[in-house]
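J.: Have a peek at target.txt (compact mmCIF, C-alpha atoms and all ligand atoms).
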# COMPACT_ATOMS: atom_id res chain seq x y z
CA MET A 1 77.16 142.25 93.21
CA LYS A 2 76.08 140.73 96.54
CA LYS A 3 78.43 137.98 97.68
CA VAL A 4 77.30 135.16 99.93
CA TYR A 5 79.82 132.63 101.17
CA LEU A 6 78.16 129.43 102.35
CA ASP A 7 81.06 127.04 101.78
CA ASN A 8 82.71 127.10 105.19
CA ALA A 9 83.36 123.35 105.30
CA SER A 10 85.67 123.96 102.37
CA THR A 11 87.54 126.86 103.92
CA THR A 12 86.77 129.81 106.15
CA GLN A 13 87.33 133.54 106.17
CA ILE A 14 90.34 134.39 108.32
CA ARG A 15 89.56 136.46 111.43
CA THR A 16 90.93 140.02 111.40
CA GLU A 17 92.66 139.45 114.75
CA VAL A 18 94.47 136.49 113.17
CA VAL A 19 95.60 138.58 110.21
CA ALA A 20 96.90 141.22 112.63
CA GLU A 21 98.81 138.62 114.65
CA MET A 22 100.33 137.11 111.52
CA ALA A 23 101.26 140.50 110.06
CA LYS A 24 103.08 141.34 113.29
CA VAL A 25 105.01 138.07 113.25
CA LEU A 26 105.85 138.43 109.55
CA ALA A 27 107.08 141.99 110.03
CA GLU A 28 108.87 141.69 113.33
CA ASP A 29 109.61 138.10 114.24
CA PHE A 30 111.56 136.91 111.24
CA GLY A 31 114.36 135.02 112.96
CA ASN A 32 114.91 131.38 112.05
CA PRO A 33 113.65 129.39 115.05
CA SER A 34 116.71 127.12 114.80
CA SER A 35 119.15 130.03 115.20
CA THR A 36 120.64 130.39 118.65
CA HIS A 37 120.75 134.20 118.65
CA ALA A 38 117.99 136.40 120.08
CA PHE A 39 116.10 136.67 116.77
CA GLY A 40 115.94 132.91 116.50
CA ARG A 41 115.10 132.40 120.16
CA ASN A 42 112.24 134.86 119.82
CA SER A 43 110.75 132.89 116.90
CA LYS A 44 111.27 129.60 118.74
CA ASN A 45 109.52 131.09 121.74
CA LEU A 46 106.53 132.09 119.59
CA ILE A 47 106.26 128.55 118.28
CA GLU A 48 106.36 127.02 121.73
CA LEU A 49 103.82 129.49 123.11
CA SER A 50 101.54 128.62 120.19
CA ARG A 51 101.96 124.91 120.88
CA LYS A 52 101.08 125.43 124.54
CA SER A 53 98.05 127.48 123.65
CA ILE A 54 96.74 124.80 121.26
CA ALA A 55 97.45 122.05 123.81
CA LYS A 56 95.57 124.03 126.47
CA SER A 57 92.49 124.27 124.22
CA LEU A 58 92.48 120.50 123.74
CA ASN A 59 93.63 119.62 127.27
CA CYS A 60 96.68 117.68 126.16
CA SER A 61 100.38 118.27 126.67
CA ALA A 62 102.31 120.58 124.35
CA GLN A 63 104.71 117.75 123.38
CA GLU A 64 101.77 115.89 121.87
CA ILE A 65 101.20 118.58 119.19
CA ILE A 66 103.30 118.36 116.01
CA PHE A 67 102.94 121.13 113.43
CA THR A 68 102.44 120.10 109.80
CA SER A 69 101.65 121.97 106.59
CA CYS A 70 98.00 120.84 106.62
CA ALA A 71 95.70 118.07 107.77
CA THR A 72 96.41 115.97 104.68
CA GLU A 73 100.06 115.83 105.67
CA ALA A 74 99.15 115.00 109.27
CA ASN A 75 96.84 112.18 108.11
CA ASN A 76 99.55 110.81 105.81
CA PHE A 77 102.16 110.98 108.54
CA ILE A 78 100.03 109.17 111.08
CA ILE A 79 98.68 106.42 108.83
CA LYS A 80 102.04 105.71 107.20
CA SER A 81 103.78 105.65 110.57
CA CYS A 82 101.22 103.33 112.06
CA ILE A 83 102.15 100.77 109.40
CA LYS A 84 105.89 101.43 109.47
CA ASP A 85 106.53 102.06 113.16
CA LEU A 86 103.62 100.57 115.07
CA LYS A 87 103.50 97.50 112.76
CA VAL A 88 99.81 97.77 112.07
CA THR A 89 98.68 95.00 109.71
CA ARG A 90 95.03 95.95 109.39
CA ILE A 91 93.25 99.27 108.92
CA ILE A 92 89.55 99.65 109.59
CA THR A 93 88.09 102.77 108.03
CA SER A 94 84.96 103.78 106.09
CA LYS A 95 84.11 104.66 102.52
CA ILE A 96 82.87 108.11 103.58
CA GLU A 97 86.24 109.37 104.82
CA HIS A 98 87.82 112.41 103.19
CA HIS A 99 90.18 111.50 100.35
CA ALA A 100 93.07 112.62 102.57
CA VAL A 101 92.43 109.38 104.47
CA LEU A 102 90.62 107.19 101.93
CA HIS A 103 93.12 107.55 99.09
CA THR A 104 96.07 107.39 101.47
CA VAL A 105 94.82 104.12 102.93
CA GLN A 106 94.15 102.66 99.46
CA ILE A 107 97.59 103.55 98.15
CA LEU A 108 99.31 102.28 101.30
CA GLN A 109 97.39 99.03 100.98
CA SER A 110 98.84 98.53 97.50
CA GLN A 111 102.37 99.12 98.81
CA ASN A 112 102.36 97.31 102.17
CA PRO A 113 101.28 94.00 103.68
CA VAL A 114 98.23 95.56 105.25
CA THR A 115 94.59 94.61 104.90
CA VAL A 116 91.85 97.23 104.78
CA GLU A 117 88.31 96.70 105.99
CA TYR A 118 85.48 99.15 105.51
CA VAL A 119 82.95 99.48 108.27
CA ASN A 120 79.38 99.68 107.01
CA VAL A 121 77.70 103.06 106.70
CA LEU A 122 74.02 103.22 107.73
CA PRO A 123 71.47 104.97 105.45
CA SER A 124 71.58 107.90 107.89
CA GLY A 125 75.26 108.38 107.02
CA GLU A 126 76.32 107.13 110.43
CA ILE A 127 78.89 104.44 111.07
CA ASP A 128 77.54 100.98 111.95
CA ILE A 129 79.07 100.47 115.38
CA VAL A 130 77.90 96.85 115.62
CA HIS A 131 79.77 96.07 112.41
CA LEU A 132 82.84 97.90 113.74
CA THR A 133 82.78 95.73 116.85
CA ASP A 134 82.47 92.59 114.70
CA LEU A 135 85.46 93.65 112.61
CA LEU A 136 87.49 94.41 115.72
CA SER A 137 86.76 91.05 117.29
CA VAL A 138 89.07 89.41 114.73
CA GLU A 139 92.68 89.35 116.04
CA GLY A 140 95.35 91.56 114.45
CA LYS A 141 97.34 94.72 115.08
CA THR A 142 94.78 97.28 114.01
CA LEU A 143 94.39 100.97 113.29
CA VAL A 144 90.85 102.35 113.23
CA SER A 145 90.61 105.56 111.21
CA LEU A 146 87.22 107.25 111.32
CA MET A 147 86.44 110.91 110.93
CA HIS A 148 84.69 112.91 113.64
CA VAL A 149 82.43 115.14 111.50
CA ASN A 150 81.83 114.20 107.89
CA ASN A 151 82.77 117.14 105.68
CA GLU A 152 79.98 116.53 103.16
CA ILE A 153 76.93 115.53 105.16
CA GLY A 154 77.93 116.59 108.67
CA THR A 155 77.24 113.29 110.43
CA VAL A 156 78.93 113.14 113.82
CA LEU A 157 80.80 110.15 115.22
CA SER A 158 80.75 109.63 118.99
CA LEU A 159 84.49 109.87 119.58
CA GLU A 160 84.12 108.79 123.17
CA ARG A 161 82.25 105.64 122.27
CA ILE A 162 84.51 104.64 119.38
CA ALA A 163 87.70 105.42 121.29
CA LYS A 164 86.53 103.23 124.17
CA ILE A 165 85.65 100.37 121.83
CA CYS A 166 89.09 100.67 120.22
CA LYS A 167 90.76 100.55 123.63
CA GLN A 168 88.72 97.50 124.56
CA TYR A 169 90.01 95.68 121.45
CA ASN A 170 93.54 97.07 121.75
CA ALA A 171 93.31 98.93 118.46
CA TYR A 172 94.88 102.32 117.75
CA PHE A 173 92.34 105.05 117.02
CA HIS A 174 93.02 107.87 114.56
CA THR A 175 90.34 110.43 113.88
CA ASP A 176 90.23 113.16 111.26
CA THR A 177 88.87 116.09 113.29
CA VAL A 178 89.35 118.69 110.56
CA GLN A 179 85.68 119.72 110.58
CA SER A 180 85.25 119.76 114.35
CA ILE A 181 88.43 121.27 115.83
CA GLY A 182 87.65 124.82 116.93
CA LYS A 183 83.92 124.18 116.48
CA THR A 184 83.31 121.82 119.37
CA ALA A 185 85.14 121.24 122.62
CA LEU A 186 87.47 118.23 122.72
CA ASP A 187 89.08 117.11 125.97
CA LEU A 188 91.95 114.76 125.22
CA GLN A 189 92.30 113.78 128.87
CA VAL A 190 88.81 112.31 128.67
CA LEU A 191 88.81 111.03 125.07
CA PRO A 192 91.19 108.10 124.68
CA VAL A 193 92.00 108.80 121.01
CA ASP A 194 95.57 108.12 119.92
CA PHE A 195 95.83 110.51 116.99
CA LEU A 196 93.90 113.42 115.59
CA VAL A 197 94.51 116.09 112.97
CA ALA A 198 93.53 119.68 112.21
CA SER A 199 93.90 122.30 109.49
CA ALA A 200 93.88 125.98 110.55
CA HIS A 201 92.00 127.29 107.52
CA LYS A 202 88.89 125.39 108.62
CA PHE A 203 88.65 127.45 111.83
CA HIS A 204 89.26 130.97 110.50
CA GLY A 205 93.03 130.62 110.47
CA PRO A 206 95.60 130.63 107.66
CA LYS A 207 96.04 128.05 104.91
CA GLY A 208 99.19 125.93 104.76
CA ILE A 209 99.33 124.99 108.44
CA GLY A 210 97.85 122.23 110.56
CA PHE A 211 98.82 119.86 113.31
CA ALA A 212 98.80 116.28 114.41
CA PHE A 213 98.07 115.21 117.97
CA ILE A 214 100.10 112.12 118.77
CA ARG A 215 99.37 110.58 122.15
CA LYS A 216 102.41 110.48 124.44
CA GLY A 217 104.19 107.12 124.33
CA LEU A 218 103.40 106.40 120.67
CA VAL A 219 106.74 106.51 118.93
CA LEU A 220 106.58 107.46 115.26
CA THR A 221 109.39 108.18 112.81
CA PRO A 222 109.42 111.18 110.45
CA LEU A 223 107.75 111.59 107.11
CA LEU A 224 110.23 114.29 106.08
CA LEU A 225 113.92 113.79 106.71
CA GLY A 226 116.42 116.54 107.34
CA GLY A 227 116.67 118.89 110.31
CA ASP A 228 115.61 118.50 113.92
CA GLN A 229 112.50 120.66 113.80
CA GLU A 230 109.42 119.31 115.58
CA LYS A 231 111.56 116.87 117.56
CA GLY A 232 112.92 115.58 114.27
CA LEU A 233 109.43 114.43 113.26
CA ARG A 234 108.92 117.13 110.65
CA ALA A 235 112.09 118.61 109.23
CA GLY A 236 112.06 122.04 107.59
CA THR A 237 112.07 125.62 108.88
CA GLU A 238 108.85 126.24 110.73
CA SER A 239 106.24 128.60 109.31
CA VAL A 240 106.25 130.86 112.35
CA HIS A 241 103.58 133.33 111.21
CA ASN A 242 101.26 130.48 110.22
CA ILE A 243 101.79 128.67 113.51
CA ALA A 244 101.12 131.84 115.50
CA GLY A 245 98.08 132.55 113.32
CA MET A 246 96.73 129.05 113.86
CA ALA A 247 97.12 129.30 117.64
CA LYS A 248 95.37 132.68 117.65
CA ALA A 249 92.54 131.34 115.46
CA LEU A 250 92.00 128.33 117.72
CA GLU A 251 92.06 130.44 120.86
CA LEU A 252 89.45 132.81 119.39
CA SER A 253 87.30 129.94 118.15
CA TYR A 254 87.15 128.44 121.62
CA THR A 255 86.62 131.82 123.29
CA HIS A 256 83.56 132.47 121.11
CA LEU A 257 82.40 128.86 120.78
CA THR A 258 79.16 128.98 122.76
CA GLU A 259 77.75 132.14 121.17
CA GLU A 260 78.90 131.22 117.64
CA GLU A 261 77.55 127.68 117.86
CA LYS A 262 74.16 129.01 118.97
CA TYR A 263 74.11 131.63 116.23
CA ILE A 264 75.16 129.21 113.46
CA SER A 265 72.67 126.55 114.64
CA GLY A 266 69.95 129.21 114.28
CA LEU A 267 71.02 129.87 110.68
CA LYS A 268 70.87 126.17 109.89
CA GLU A 269 67.41 125.78 111.45
CA TYR A 270 66.18 128.80 109.51
CA THR A 271 67.51 127.34 106.26
CA VAL A 272 65.77 124.02 106.92
CA SER A 273 62.44 125.74 107.59
CA GLN A 274 62.75 128.01 104.55
CA LEU A 275 63.66 125.10 102.29
CA LYS A 276 60.68 123.09 103.58
CA THR A 277 58.35 126.05 103.00
CA HIS A 278 59.53 126.96 99.52
CA PHE A 279 60.49 123.56 98.12
CA PRO A 280 57.92 120.90 99.03
CA GLY A 281 59.51 117.48 98.64
CA VAL A 282 62.94 118.70 99.73
CA ARG A 283 65.04 116.05 101.51
CA PHE A 284 68.22 116.12 103.51
CA ASN A 285 71.28 113.93 103.26
CA GLY A 286 71.87 113.19 106.93
CA ASP A 287 69.25 114.21 109.49
CA PRO A 288 69.58 117.99 110.02
CA ALA A 289 68.56 117.53 113.66
CA THR A 290 71.64 115.43 114.42
CA THR A 291 74.21 116.47 111.83
CA PHE A 292 76.89 119.00 112.80
CA TYR A 293 75.57 122.52 113.34
CA ASN A 294 77.46 124.19 110.50
CA ILE A 295 76.76 121.67 107.71
CA LEU A 296 73.50 121.08 105.84
CA ASN A 297 73.35 118.79 102.83
CA VAL A 298 70.12 119.20 100.92
CA LEU A 299 68.64 117.10 98.12
CA LEU A 300 66.57 119.51 96.04
CA PRO A 301 63.36 118.35 94.39
CA PHE A 302 64.54 119.57 90.99
CA PRO A 303 64.60 117.61 87.77
CA GLU A 304 67.86 115.80 87.05
CA GLU A 305 68.73 117.96 84.06
CA LYS A 306 69.07 120.95 86.37
CA THR A 307 71.77 119.26 88.44
CA ALA A 308 74.69 120.44 86.34
CA MET A 309 73.78 124.10 86.23
CA ILE A 310 72.72 124.85 89.82
CA LEU A 311 76.18 125.64 91.18
CA PHE A 312 76.93 127.69 88.09
CA HIS A 313 73.67 129.62 88.42
CA LEU A 314 74.30 130.36 92.11
CA ASP A 315 77.89 131.34 91.38
CA MET A 316 76.66 133.85 88.81
CA LYS A 317 74.58 135.39 91.58
CA GLY A 318 77.58 135.59 93.92
CA ILE A 319 76.60 132.60 96.06
CA ALA A 320 79.22 130.02 97.02
CA VAL A 321 77.94 126.63 98.05
CA SER A 322 79.30 123.23 97.25
CA ARG A 323 78.26 119.96 95.73
CA GLY A 324 79.90 117.30 97.87
CA SER A 325 83.44 118.20 98.93
CA ALA A 326 85.30 121.16 97.44
CA CYS A 327 87.74 119.07 95.45
CA GLN A 328 84.81 117.50 93.60
CA SER A 329 82.96 120.66 92.74
CA GLY A 330 82.74 121.01 89.02
CA SER A 331 83.60 117.36 88.50
CA VAL A 332 81.00 115.13 86.91
CA LYS A 333 81.77 112.27 89.29
CA PRO A 334 79.15 111.91 92.03
CA SER A 335 80.28 112.41 95.59
CA HIS A 336 81.79 109.22 97.06
CA VAL A 337 80.00 110.02 100.32
CA LEU A 338 76.54 110.46 98.80
CA ALA A 339 77.17 107.35 96.68
CA GLU A 340 77.31 105.36 99.95
CA ILE A 341 73.94 106.54 101.24
CA LEU A 342 71.78 107.40 98.25
CA ALA A 343 70.01 105.21 95.71
CA ASP A 344 71.24 105.61 92.12
CA GLU A 345 68.26 107.72 91.02
CA ASP A 346 68.72 110.13 93.96
CA LEU A 347 72.42 110.40 93.28
CA LYS A 348 71.63 111.96 89.91
CA LYS A 349 69.48 114.63 91.55
CA PRO A 350 71.00 117.88 92.77
CA SER A 351 72.42 117.79 96.29
CA LEU A 352 73.96 120.93 97.72
CA ARG A 353 76.20 121.32 100.72
CA ILE A 354 75.52 124.55 102.57
CA SER A 355 78.09 125.22 105.29
CA TYR A 356 77.97 128.18 107.64
CA SER A 357 80.14 130.38 109.80
CA HIS A 358 79.39 133.20 112.23
CA TYR A 359 80.01 135.64 109.36
CA ASN A 360 76.75 134.53 107.68
CA THR A 361 73.42 136.27 108.20
CA LEU A 362 69.71 135.46 107.80
CA GLU A 363 69.77 137.72 104.72
CA ASP A 364 72.36 135.39 103.19
CA ILE A 365 69.90 132.52 103.57
CA ASP A 366 67.03 134.56 102.13
CA TYR A 367 69.20 135.46 99.14
CA LEU A 368 70.08 131.80 98.60
CA ILE A 369 66.42 130.72 98.78
CA GLU A 370 65.37 133.54 96.44
CA ASN A 371 67.93 132.43 93.88
CA LEU A 372 67.12 128.76 94.23
CA LYS A 373 63.52 129.66 93.42
CA LEU A 374 64.68 131.15 90.11
CA ILE A 375 66.19 127.87 88.97
N1 LIG B 401 89.85 116.01 106.20
C1 LIG B 401 88.66 116.61 106.10
C2 LIG B 401 87.50 116.04 106.81
C3 LIG B 401 88.50 117.75 105.31
O1 LIG B 401 87.30 118.34 105.21
C4 LIG B 401 89.63 118.26 104.63
C5 LIG B 401 89.48 119.44 103.74
O2 LIG B 401 88.47 119.60 103.07
C6 LIG B 401 90.86 117.61 104.80
C7 LIG B 401 90.93 116.49 105.58
C8 LIG B 401 92.09 118.10 104.13
O3 LIG B 401 92.49 119.33 104.68
P1 LIG B 401 93.71 120.11 104.01
O4 LIG B 401 93.37 120.28 102.57
O5 LIG B 401 93.77 121.40 104.74
O6 LIG B 401 94.91 119.26 104.20
Here is the file; what I need is its structure written in the form of structure tokens.
Ligand code: PLP

T.:
Amino acid sequence: MKKVYLDNASTTQIRTEVVAEMAKVLAEDFGNPSSTHAFGRNSKNLIELSRKSIAKSLNCSAQEIIFTSCATEANNFIIKSCIKDLKVTRIITSKIEHHAVLHTVQILQSQNPVTVEYVNVLPSGEIDIVHLTDLLSVEGKTLVSLMHVNNEIGTVLSLERIAKICKQYNAYFHTDTVQSIGKTALDLQVLPVDFLVASAHKFHGPKGIGFAFIRKGLVLTPLLLGGDQEKGLRAGTESVHNIAGMAKALELSYTHLTEEEKYISGLKEYTVSQLKTHFPGVRFNGDPATTFYNILNVLLPFPEEKTAMILFHLDMKGIAVSRGSACQSGSVKPSHVLAEILADEDLKKPSLRISYSHYNTLEDIDYLIENLKLI
């Protein structure tokens, strides 16, 4: 059966060069990086070369990159430490953050003397910057946590603008860049963000590895206690093959960025035009002209009763797309992101998230459209 994978915001296919790099490290570079003998030193060296390579891609210093098991861990580490170590008493975030931030903030609020404010979300799915400025004008040691690219609707936050506003009001700025790292250039010498996070499997790397960028001078204490790995910030023997795989994946993503962005943008434009041609009345959650180039969230003009079976029907045809974020697929609960921007009656209608990579083709889109027409 034909298989079409259009769920790249959920996870991506690993590049063959990355698999080769990881297989080499697994087979040959098995020393424990903490060992002082040559085997250990070799593994340690691989880790530090990977750190340098990632730092070079983001134009930051290698010491500012801390490896974690995933972005969720990096988000947890940063937000918890901001309360514990930087004595933040207020967090400003939004209701359209990924649960890795939203739930973490909510739970931390119930356990700590910290207030949480939610910045308004505009009907377009964008953050209301005027409201953010109003919230920031009230005194208090503040962390702003806002994602760069929304994983469900693809809306893009101007990191430069928000980071500058945060600086102006003396607030720390953390941004979840899981959907944008490796897919758009970020220059951390220019962007005054304090913290950001990434997960390798979102940019054609392995699962189970990510990193936190922590701006030099911000002193945090560890989430995991034990050994001295990662400057004592993240104890536990490093996953050397995953780290090397992540560095390779990021390097390749940035090497091919221009051509892949152009190609993927073309796929998205083609999908929009095909949907408009074949499904009069189709709408989009987030304006496709301004949302991120690899995410398209479409509200199909189908009757409500078809909502539940669309994903199932497409799956039977070998097509992987998503309703909202991956963790919610199959759940009856509406997406917390769409709930912020859609009216109740539209929320009941079928919305699909189509998310692309350079591995997709125009034929994939035609196959999707063909099968949507059969519903
Ligand atoms: N943040 C965003 C925006 C995401 O899209 C995801 C994954 O879907 C995460 C955080 C969590 O990433 P991970 O599951 O790799 O920790």

J.: In Å to one decimal, how far is CA of Phe302 (chain A) from CA of Lys349 (chain A)?

T.: 7.0 Å

J.: Which residue gives the smallest distance to Tyr293 (chain A) among A:Thr155, A:Ser273, A:Asn75, A:Thr36, with only C-alpha atoms counted?

T.: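 Checking each candidate against Tyr293 (chain A), we get A:Thr155 as the closest.
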
J.: Select the residues contacting ligand LIG 401 (chain B) at a distance of at most 9 Å, based on only C-alpha atoms and all ligand atoms, then format the selection as a JSON list (two decimals) with C-alpha atoms, in the coordinates of the input.

T.:
[["chain", "number", "residue", "atom", "x", "y", "z"],
["A", 9, "ALA", "CA", 83.36, 123.35, 105.30],
["A", 10, "SER", "CA", 85.67, 123.96, 102.37],
["A", 11, "THR", "CA", 87.54, 126.86, 103.92],
["A", 69, "SER", "CA", 101.65, 121.97, 106.59],
["A", 70, "CYS", "CA", 98.00, 120.84, 106.62],
["A", 71, "ALA", "CA", 95.70, 118.07, 107.77],
["A", 72, "THR", "CA", 96.41, 115.97, 104.68],
["A", 73, "GLU", "CA", 100.06, 115.83, 105.67],
["A", 74, "ALA", "CA", 99.15, 115.00, 109.27],
["A", 75, "ASN", "CA", 96.84, 112.18, 108.11],
["A", 97, "GLU", "CA", 86.24, 109.37, 104.82],
["A", 98, "HIS", "CA", 87.82, 112.41, 103.19],
["A", 99, "HIS", "CA", 90.18, 111.50, 100.35],
["A", 100, "ALA", "CA", 93.07, 112.62, 102.57],
["A", 101, "VAL", "CA", 92.43, 109.38, 104.47],
["A", 147, "MET", "CA", 86.44, 110.91, 110.93],
["A", 148, "HIS", "CA", 84.69, 112.91, 113.64],
["A", 149, "VAL", "CA", 82.43, 115.14, 111.50],
["A", 150, "ASN", "CA", 81.83, 114.20, 107.89],
["A", 151, "ASN", "CA", 82.77, 117.14, 105.68],
["A", 152, "GLU", "CA", 79.98, 116.53, 103.16],
["A", 176, "ASP", "CA", 90.23, 113.16, 111.26],
["A", 177, "THR", "CA", 88.87, 116.09, 113.29],
["A", 178, "VAL", "CA", 89.35, 118.69, 110.56],
["A", 179, "GLN", "CA", 85.68, 119.72, 110.58],
["A", 180, "SER", "CA", 85.25, 119.76, 114.35],
["A", 197, "VAL", "CA", 94.51, 116.09, 112.97],
["A", 198, "ALA", "CA", 93.53, 119.68, 112.21],
["A", 199, "SER", "CA", 93.90, 122.30, 109.49],
["A", 200, "ALA", "CA", 93.88, 125.98, 110.55],
["A", 201, "HIS", "CA", 92.00, 127.29, 107.52],
["A", 202, "LYS", "CA", 88.89, 125.39, 108.62],
["A", 207, "LYS", "CA", 96.04, 128.05, 104.91],
["A", 208, "GLY", "CA", 99.19, 125.93, 104.76],
["A", 209, "ILE", "CA", 99.33, 124.99, 108.44],
["A", 210, "GLY", "CA", 97.85, 122.23, 110.56],
["A", 325, "SER", "CA", 83.44, 118.20, 98.93],
["A", 326, "ALA", "CA", 85.30, 121.16, 97.44],
["A", 327, "CYS", "CA", 87.74, 119.07, 95.45]]

J.: Kindly extract all protein, DNA and RNA residues lying within 12 Å of the coordinates (70.0, 114.2, 95.6) given in the file, considering only C-alpha atoms, and supply them as a count of residues only.

T.: 37

J.: With all atoms listed in the file counted, which protein, DNA or RNA residues have an atom no more than 7 Å from (91.7, 132.3, 115.7) in the file frame? Please answer as a PDB file with C-alpha atoms, in the coordinates of the input.

T.:
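Saved as result-v8.pdb:
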ATOM      1  CA  ARG A  15      89.560 136.460 111.430  1.00  0.00           C
ATOM      2  CA  VAL A  18      94.470 136.490 113.170  1.00  0.00           C
ATOM      3  CA  PHE A 203      88.650 127.450 111.830  1.00  0.00           C
ATOM      4  CA  HIS A 204      89.260 130.970 110.500  1.00  0.00           C
ATOM      5  CA  GLY A 205      93.030 130.620 110.470  1.00  0.00           C
ATOM      6  CA  GLY A 245      98.080 132.550 113.320  1.00  0.00           C
ATOM      7  CA  MET A 246      96.730 129.050 113.860  1.00  0.00           C
ATOM      8  CA  ALA A 247      97.120 129.300 117.640  1.00  0.00           C
ATOM      9  CA  LYS A 248      95.370 132.680 117.650  1.00  0.00           C
ATOM     10  CA  ALA A 249      92.540 131.340 115.460  1.00  0.00           C
ATOM     11  CA  LEU A 250      92.000 128.330 117.720  1.00  0.00           C
ATOM     12  CA  GLU A 251      92.060 130.440 120.860  1.00  0.00           C
ATOM     13  CA  LEU A 252      89.450 132.810 119.390  1.00  0.00           C
ATOM     14  CA  SER A 253      87.300 129.940 118.150  1.00  0.00           C
TER      15      SER A 253
END

J.: What's the separation between CA of Lys87 (chain A) and CA of Asp128 (chain A), in Å to one decimal place?

T.: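 Taking CA of Lys87 (chain A) as the start and CA of Asp128 (chain A) as the end point, the length is 26.2 Å.
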
J.: Would you kindly return, as a list in words, each protein, DNA or RNA residue with an atom no farther than 10 Å from any atom of Thr271 (chain A), considering only C-alpha atoms and excluding same-chain residues fewer than 2 positions away?

T.: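 Surrounding residues, per the criterion: Ser265, Gly266, Leu267, Lys268, Glu269, Ser273, Gln274, Leu275, Lys276, Thr277, Leu296, Ile354, Leu362, Asp364, Ile365, Asp366, Leu368 and Ile369 of chain A.
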
J.: Specify the axis-aligned box that encloses all atoms of region 282-297 of chain A listed in the file after padding of 4 Å on each side, stating its centre and edge lengths in Å to one decimal as AutoDock Vina command-line options.

T.:
--center_x 70.2 --center_y 118.7 --center_z 107.1 --size_x 22.5 --size_y 19.0 --size_z 22.7

J.: What's the separation between CA of Val19 (chain A) and CA of Met316 (chain A), in Å to one decimal place?

T.: 29.0 Å

J.: Set the distance at 8 Å and use all atoms listed in the file: which residues neighbour Ile165 (chain A) once local chain neighbours fewer than 4 positions away are removed? I'd like the list as a list in words.

T.: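 Residues near the query, excluding close chain neighbours: Thr133, Arg161 and Tyr169 of chain A.
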
J.: For the residues in that selection, give me C-alpha atoms as a JSON list (two decimals), keeping the file's coordinate frame.

T.:
[["chain", "number", "residue", "atom", "x", "y", "z"],
["A", 133, "THR", "CA", 82.78, 95.73, 116.85],
["A", 161, "ARG", "CA", 82.25, 105.64, 122.27],
["A", 169, "TYR", "CA", 90.01, 95.68, 121.45]]

J.: If you count all atoms listed in the file, which residues fall within 10 Å of region 33-35 of chain A, apart from same-chain ones fewer than 4 positions away, as a PyMOL selection string?

T.: chain A and resi 29+39-47+227-229+236-240

J.: Nearest residue to Ser53 (chain A) out of A:Tyr263, A:Tyr367, A:Tyr254, A:Phe279, using all atoms listed in the file?

T.: A:Tyr254

J.: Set the distance at 7 Å and use all atoms listed in the file: which residues neighbour Leu191 (chain A) once local chain neighbours fewer than 3 positions away are removed? I'd like the list as a PyMOL selection string.

T.: chain A and resi 160+163+187-188

J.: Give me the residues within 6 Å of Phe173 (chain A) as a CSV table (one decimal) with C-alpha atoms, keeping the file's coordinate frame, counting all atoms listed in the file and dropping any in the same chain fewer than 6 places off.

T.:
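Dumped to around-v7.csv:
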chain,number,residue,atom,x,y,z
A,143,LEU,CA,94.4,101.0,113.3
A,144,VAL,CA,90.8,102.4,113.2
A,193,VAL,CA,92.0,108.8,121.0
A,194,ASP,CA,95.6,108.1,119.9
